[in-house]
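To start, the structure itself, in C-alpha cells.
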Amino acid sequence: MTSSETVPTPPAIPSAPALEAANPQGAFARFQASRYRRMLLLLSAVMVAVSLLGFLVNGRDPQIGAPLRAGLDFRGGTSIQLELACHDPGPCAASERLQLPAVRSVLADLQWSPAEDRQPAPAPSSFSLQLLDNGEGLLLRSTALTVAQAQAIEEQLATAESIAPLQRERTQVDTIGPSLGAQLLQSALLALTAAFAGVAVYIAIRFSPINAVLALGALVHDVVIVAGLFAWLGQLLDVEVGSLFAVALLTLAGYSVNDTVVVFDRIRETDRLQPHLGIIARIDRSIAASLVRSLNTSITTELPILALALFSGGELRWFAVALAFGIGVGTYSSLFVAPLLLGLLKKDTAPSRS
Amino acid sequence: MVRQGWLPVILAMVLAAAVLLGNQSLQLGLDLRGGHQLSARVFVADPEAVITADDLDGVKNVIQRRIDGLGLAQTQIHTVGSDRVVVQLPTTRPPQEEDAETQAAVDNTLQRVANQITEKAVLQFGVLRPGEVDRYATLLQERRDARLAVLRGQEQLEQLQRSRSGSEELSASREALEAAQTTFDQLEQDIGRLFDLRPLTGDDLVQVVAEPNLESQGEYYQLSLTFSAAGAQAFADLTKEVAADANLRLAILLDGRSISEATVGPEFRENGITGGGARITGTFTLEQAHELEVQLRGGSLPYDTEIVEQRSVGATLGSDNVRRSLTAALTGLALVSGLMVTIYRLPGLVAVATLAVYALLNLAIYALVPVVLTLPGIAGLILSFGMAVDANVLIFERIREELGSGRKLYQAVEAGFNRAFNSIFDGSVTTLISCLALGYLGSGLVRGFAITLGIGVGLSLFTSLVCSRTLLKTSLFLYPALRKIQYFRPVQ
C-alpha cells in the first residue's frame, strides 16, 4: 500500500447544487476497494494462471490435443442418442438396462447396405459408446456417417432382441461433416473477434482508449477463466465444448462489457461531480456506489440461468453452467479488475488533485 | 409533470400483442418440435467457377421440386449463406403410433430425401465409339460378373448374420461386399466413358413415368420418357445413327454411369425412332424407379452437393425440451419477481408489471418477424430477461440514492431515471454490438441466440425507460397514498 491511496475526507458542501453526486448508500457505502487491491488483483492472476495451466494440460493430453475438449460441432462426426422405452416414467428393471458388451455385440452384427452409400462406413468397433442414466440411455459417437448409415445403426439397435425396446420418439441424431466442423469453429472465432473489436471501438468513442483497453482486458480475463473452467471440466469430467459454449462465451463477453461500462459510467460521473477528490478516492466511491446494483443485477440474472441449469439436461445444462460461472466472474472483473487498473493507469496521466 | 401520453400507447401495444399472439402461433425450431434437418453444401470441382446466389436458388428449386415430387407435406427448404441448402422435415408419425411399419416408412423417407438432395441425376445419351466395340464387349462381361459378385456377397452376408457368426467373419464378408460394389460402380463408369455424348439430355424431357416392365412379368420397373419436340428430333437422329451399324449401342447415362445400353433395329435406319418416346429398362425395383422418376421430373442438379449436417430430434424429445425450458423460464421469472418486490418494494412491483409487458411484446415480435424459436433462442430470451431486470435495478438504485441525499419523491424518481439512462444506453449498445456480430457471422444455433437476445435488449430499452417510468409515475399521480418513502426504501 502506498500513501497515495489514503482517502482524503471530502470537504462539506454548503448547498446541494442541481446535479450533486448522490453519495453511495447502504451497507457498502464506505467500502474502499483500493485497500484490497493487491489481494483482488492477485486472485484474478491466480484464476487466470490456473486456467492457462488447464489449457496446457489439455494441449499435452494426446486424447485432447487442444486447449479445450472439442465437441461434435467443432470436430465433426456423428452422435446418436437413444433411450429405452422403460426410461419414461422409469426406472427400468435391472434386467432391461443396457450393458456395453451386449450393445457392442449387437453392433458387431451390423449390416451396412453398401449400395446406398458413396462413403465407406467405419467399422462398428470404432464407435465410442457411453451409457446414460444408469444404462437407460445410450450415446454412440463415430466419425461422420451418412443418413443411411446412421439409420442402419438405429435400426440395428431397435430391432435387436437382446436389447430392451427403445423409445424411438426420443432418439436424437446429429451429424456434422468434418469440413463443417472446422468452419463452425472458424465462424465462432470470427464472431468473437468482431464482437470484441466493435465493442472496443464503441467504448473508445464514448469513454477513452484506456477504458476500451481495460474493458477488453476484463473481458479477456472473464473469457479465459470460463474457458479455463471448461478446460479442467474437459480434463476431469470429459465435458466437451460445442457451438453452445461459443454462444455462452459471446454472451458473457456482452454481459461483462455491459457491466464494466456501467461502472465506468459511474466513475465518469464522479469525475465530473466530485473533481476535488483524488482519482483513487473517486474510483473507490464509484465502486461502492455500483456494488449493490452489480450484486443485485448478477443475482437477478443468475436466477433464471440457474433455473435453466436445473431443468435442462445435456449440452444446455453445461451452457447454463458456463453462463452462471461467467456472470460471477464478469461481475467481479467489472467491479474490481477494470476500475482498479484504471486507477493505476490514470494516475500516471492525470495526477490526483487532492 | 406525468408524461401520461405514453400510457395509451403502452396499453394499445399490449392489446395488439395479445391479439396477435391469440391469432398467430409461434414457430418452433427443429429441436423443440422434433424433426429432421439436412444441410447440404453445394460445390463445384472447378476452382475457377463461382456459385452465385441465383445458382444456389436454382439448386434449391430443383430440390424443392424433387421433394414435392415425393409428396412430402410441410417440408421447408431454404438457402443459408453462399453455398448451403437446408431441408427441414417434420416428424410425420403421430406420437401414439408405435408400430414398426410406420417407423420403417418414416426412416425410409429421410433416406429418400437425402438421395434427392445428393443425386445430380444428369441424364445423358451417348453412342458407342466404333473403335471401342471390343472393349465394350469385355467390360460388359466384367460387369455381369461384378453384378453376380455383389448379389452373392449380399446373400453370403445375410446368411452369416442369420447364423450369428463371429464378428471377424462378418466384417470380412462385409469388406468383400463393399469391394464388389466398388468394382461394379467403377465398371458402370468405365462403360459410360466408351460413349460419345449427343445433344440430348434430361432437360429435353417433358414427361417421365415409372411403370412395371411387362417383359419381366412385373418383377422390374422401367421409366417411360417423353421428349419435347427438339428432344424427339435429337432422339430420332441418335437412333438413326445407332441403327446404321449392328455393333453400335445407344447408352443412357446417369451421372456418368451407363444405366442402360441398347441396340437399335435395322428397321429404323431410314428415320430413326420417331414419336418422341423412349424407355429405360433395367433391373429397377419399384422404389428405385420411382426415385429416378422424381429426380428426372425435378430436373438435374447443376452442381455437386454433399450433406454436411444432419440433425434429427424425436418428437417427444422436442416437446420435452419445450416443457423444460418453459419451466426454467417461468421459475426464473417467478424468482426474479419475488426478489425485485422484496428489494425494491413499490418500484419492484412496477418492474414486475413492466417485465410482464416485456415478455408479451417479446413473444409478439417473435410471431411478427417471425422468429423461429430454438433452444439457444430460449436461452437468449431468458438472458435478455436478466438484462431487462438490470435496467430496472440501475434505475431503482439511483432513485434510492437520490432519496438518500434528501430529494423529494417526485424529483428523486425523475432524477433516477435520467441518471440511469447513460448506463443503460451504453450497456445495451455494447450488447447489441455483440448480437450483431453473432447474428451476421455466427452459424444456425448462434444466430438463433443472437436474434432473441438482440430483440430482447432493444425492447428492454423501451420497457425500462418508457414503461417503468410511465407506470411508476402514473401510479404515484393517481394514488397519493403511494407517495410514501417507505414504499421506496427502508426508513432508518
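Just so we're on the same page: first chain in the C-alpha cells is A, next is B, and so on; residues restart at 1 for each chain, and ligands are numbered from 1 in the order they show up.
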
(request) If you run DSSP over the backbone, which residues in range 274-463 of chain B end up alpha helix (DSSP H)? Put them as a VMD selection string. (result) chain B and resid 286 to 298 315 to 368 375 to 404 409 to 441 444 to 462

(request) Among the residues of range 79-284 of chain B, find those DSSP assigns to strand (DSSP E or B) from the backbone and print them as number ranges by chain. (result) B: 79-80, 84-90, 123-128, 195-201, 205-212, 221-227, 250-254, 257-262, 277-284

(request) May I have the residues within 6 Å of Asp304 in chain B as a VMD selection string, using only C-alpha atoms and disregarding those fewer than 6 positions away in the same chain? (result) chain B and resid 42 to 44

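Among A:Val50, A:Ala212, A:Ile64, A:Leu310, the residue with the shortest atom-to-atom distance to chain B, counting only C-alpha atoms, is A:Leu310.
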
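Shortest atom-to-atom contact with chain A among B:Glu241, B:Glu211, B:Glu402, B:Glu132: B:Glu402, counting only C-alpha atoms.
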
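With only C-alpha atoms as the atoms that count, the minimum distance from Tyr440 in chain B to the choices B:Thr109, B:Thr327, B:Thr283, B:Val80 is reached by B:Val80.
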
Could you list, as an mmCIF file with N, CA and C atoms, in the first residue's frame, every residue within 6 Å of Glu309 in chain B, counting only C-alpha atoms and ignoring same-chain residues fewer than 5 positions away?
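That gives us out_5.cif:
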```
data_model
loop_
_atom_site.group_PDB
_atom_site.id
_atom_site.type_symbol
_atom_site.label_atom_id
_atom_site.label_comp_id
_atom_site.auth_asym_id
_atom_site.auth_seq_id
_atom_site.Cartn_x
_atom_site.Cartn_y
_atom_site.Cartn_z
ATOM 1 N N THR A 175 -25.235 -35.174 -37.055
ATOM 2 C CA THR A 175 -24.046 -35.422 -37.864
ATOM 3 C C THR A 175 -23.491 -34.092 -38.332
ATOM 4 N N ILE A 176 -22.226 -33.895 -38.102
ATOM 5 C CA ILE A 176 -21.555 -32.706 -38.601
ATOM 6 C C ILE A 176 -20.407 -33.186 -39.467
ATOM 7 N N GLY A 177 -20.412 -32.811 -40.723
ATOM 8 C CA GLY A 177 -19.324 -33.185 -41.616
ATOM 9 C C GLY A 177 -18.025 -32.564 -41.133
ATOM 10 N N LEU B 38 -31.500 -31.517 -42.761
ATOM 11 C CA LEU B 38 -30.328 -31.884 -43.545
ATOM 12 C C LEU B 38 -29.755 -30.620 -44.173
ATOM 13 N N SER B 39 -28.467 -30.391 -43.982
ATOM 14 C CA SER B 39 -27.818 -29.261 -44.641
ATOM 15 C C SER B 39 -26.885 -29.797 -45.702
#
```

Quick one: everything within 8 Å of Thr201 in chain B, counting only C-alpha atoms, minus sequence neighbours fewer than 6 positions away in the same chain. Send it as an mmCIF file with N, CA and C atoms, in the first residue's frame.
```
data_model
loop_
_atom_site.group_PDB
_atom_site.id
_atom_site.type_symbol
_atom_site.label_atom_id
_atom_site.label_comp_id
_atom_site.auth_asym_id
_atom_site.auth_seq_id
_atom_site.Cartn_x
_atom_site.Cartn_y
_atom_site.Cartn_z
ATOM 1 N N VAL B 122 -28.030 -36.246 -63.710
ATOM 2 C CA VAL B 122 -27.799 -35.698 -65.039
ATOM 3 C C VAL B 122 -27.991 -36.843 -66.034
ATOM 4 N N LEU B 123 -29.040 -36.729 -66.847
ATOM 5 C CA LEU B 123 -29.351 -37.792 -67.802
ATOM 6 C C LEU B 123 -28.754 -37.411 -69.152
ATOM 7 N N GLN B 124 -27.951 -38.313 -69.708
ATOM 8 C CA GLN B 124 -27.334 -38.025 -71.000
ATOM 9 C C GLN B 124 -27.497 -39.226 -71.908
ATOM 10 N N PHE B 125 -27.376 -38.969 -73.196
ATOM 11 C CA PHE B 125 -27.480 -40.045 -74.186
ATOM 12 C C PHE B 125 -26.196 -40.080 -74.992
#
```

(request) Would you mind listing what lies within 10 Å of Glu219 in chain B as a ChimeraX atom specification, with only C-alpha atoms counted and same-chain residues fewer than 3 positions away left out? (result) /B:212-216,283-286

(request) Just give me the gap between CA of Leu28 in chain B and CA of Leu72 in chain B in Å, one decimal is fine. (result) 19.2 Å

(request) Would you kindly return, as a list of chain:residue names, each protein, DNA or RNA residue with an atom no farther than 9 Å from any atom of Ile424 in chain B, considering only C-alpha atoms and excluding same-chain residues fewer than 2 positions away? (result) A:Asn258, A:Val262, B:Asp390, B:Ala391, B:Leu394, B:Ile395, B:Ala420, B:Phe421, B:Asn422, B:Asp426, B:Gly427, B:Ser428, B:Val429, B:Leu461, B:Leu465

Written selection (C-alpha atoms) as a JSON list (two decimals), in the first residue's frame:
```
[["chain", "number", "residue", "atom", "x", "y", "z"],
["A", 258, "ASN", "CA", -22.09, -4.12, -20.25],
["A", 262, "VAL", "CA", -21.88, 0.73, -16.08],
["B", 390, "ASP", "CA", -30.76, -4.98, -14.76],
["B", 391, "ALA", "CA", -32.05, -1.79, -16.33],
["B", 394, "LEU", "CA", -29.97, 0.52, -12.15],
["B", 395, "ILE", "CA", -32.88, 2.94, -12.10],
["B", 420, "ALA", "CA", -29.52, 5.72, -15.08],
["B", 421, "PHE", "CA", -30.08, 6.47, -18.77],
["B", 422, "ASN", "CA", -26.39, 6.65, -19.72],
["B", 426, "ASP", "CA", -24.16, 2.24, -23.13],
["B", 427, "GLY", "CA", -24.70, -1.22, -21.72],
["B", 428, "SER", "CA", -27.44, -2.02, -24.24],
["B", 429, "VAL", "CA", -25.46, -0.71, -27.19],
["B", 461, "LEU", "CA", -34.57, -0.12, -23.59],
["B", 465, "LEU", "CA", -37.08, 3.67, -19.84]]
```

(message) Using only C-alpha atoms for the distances, tell me which of A:Phe207, A:Ala288, A:Gly228, A:Leu316 is nearest to Val247 in chain A.
(response)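 Closest residue, counting only C-alpha atoms: A:Leu316.
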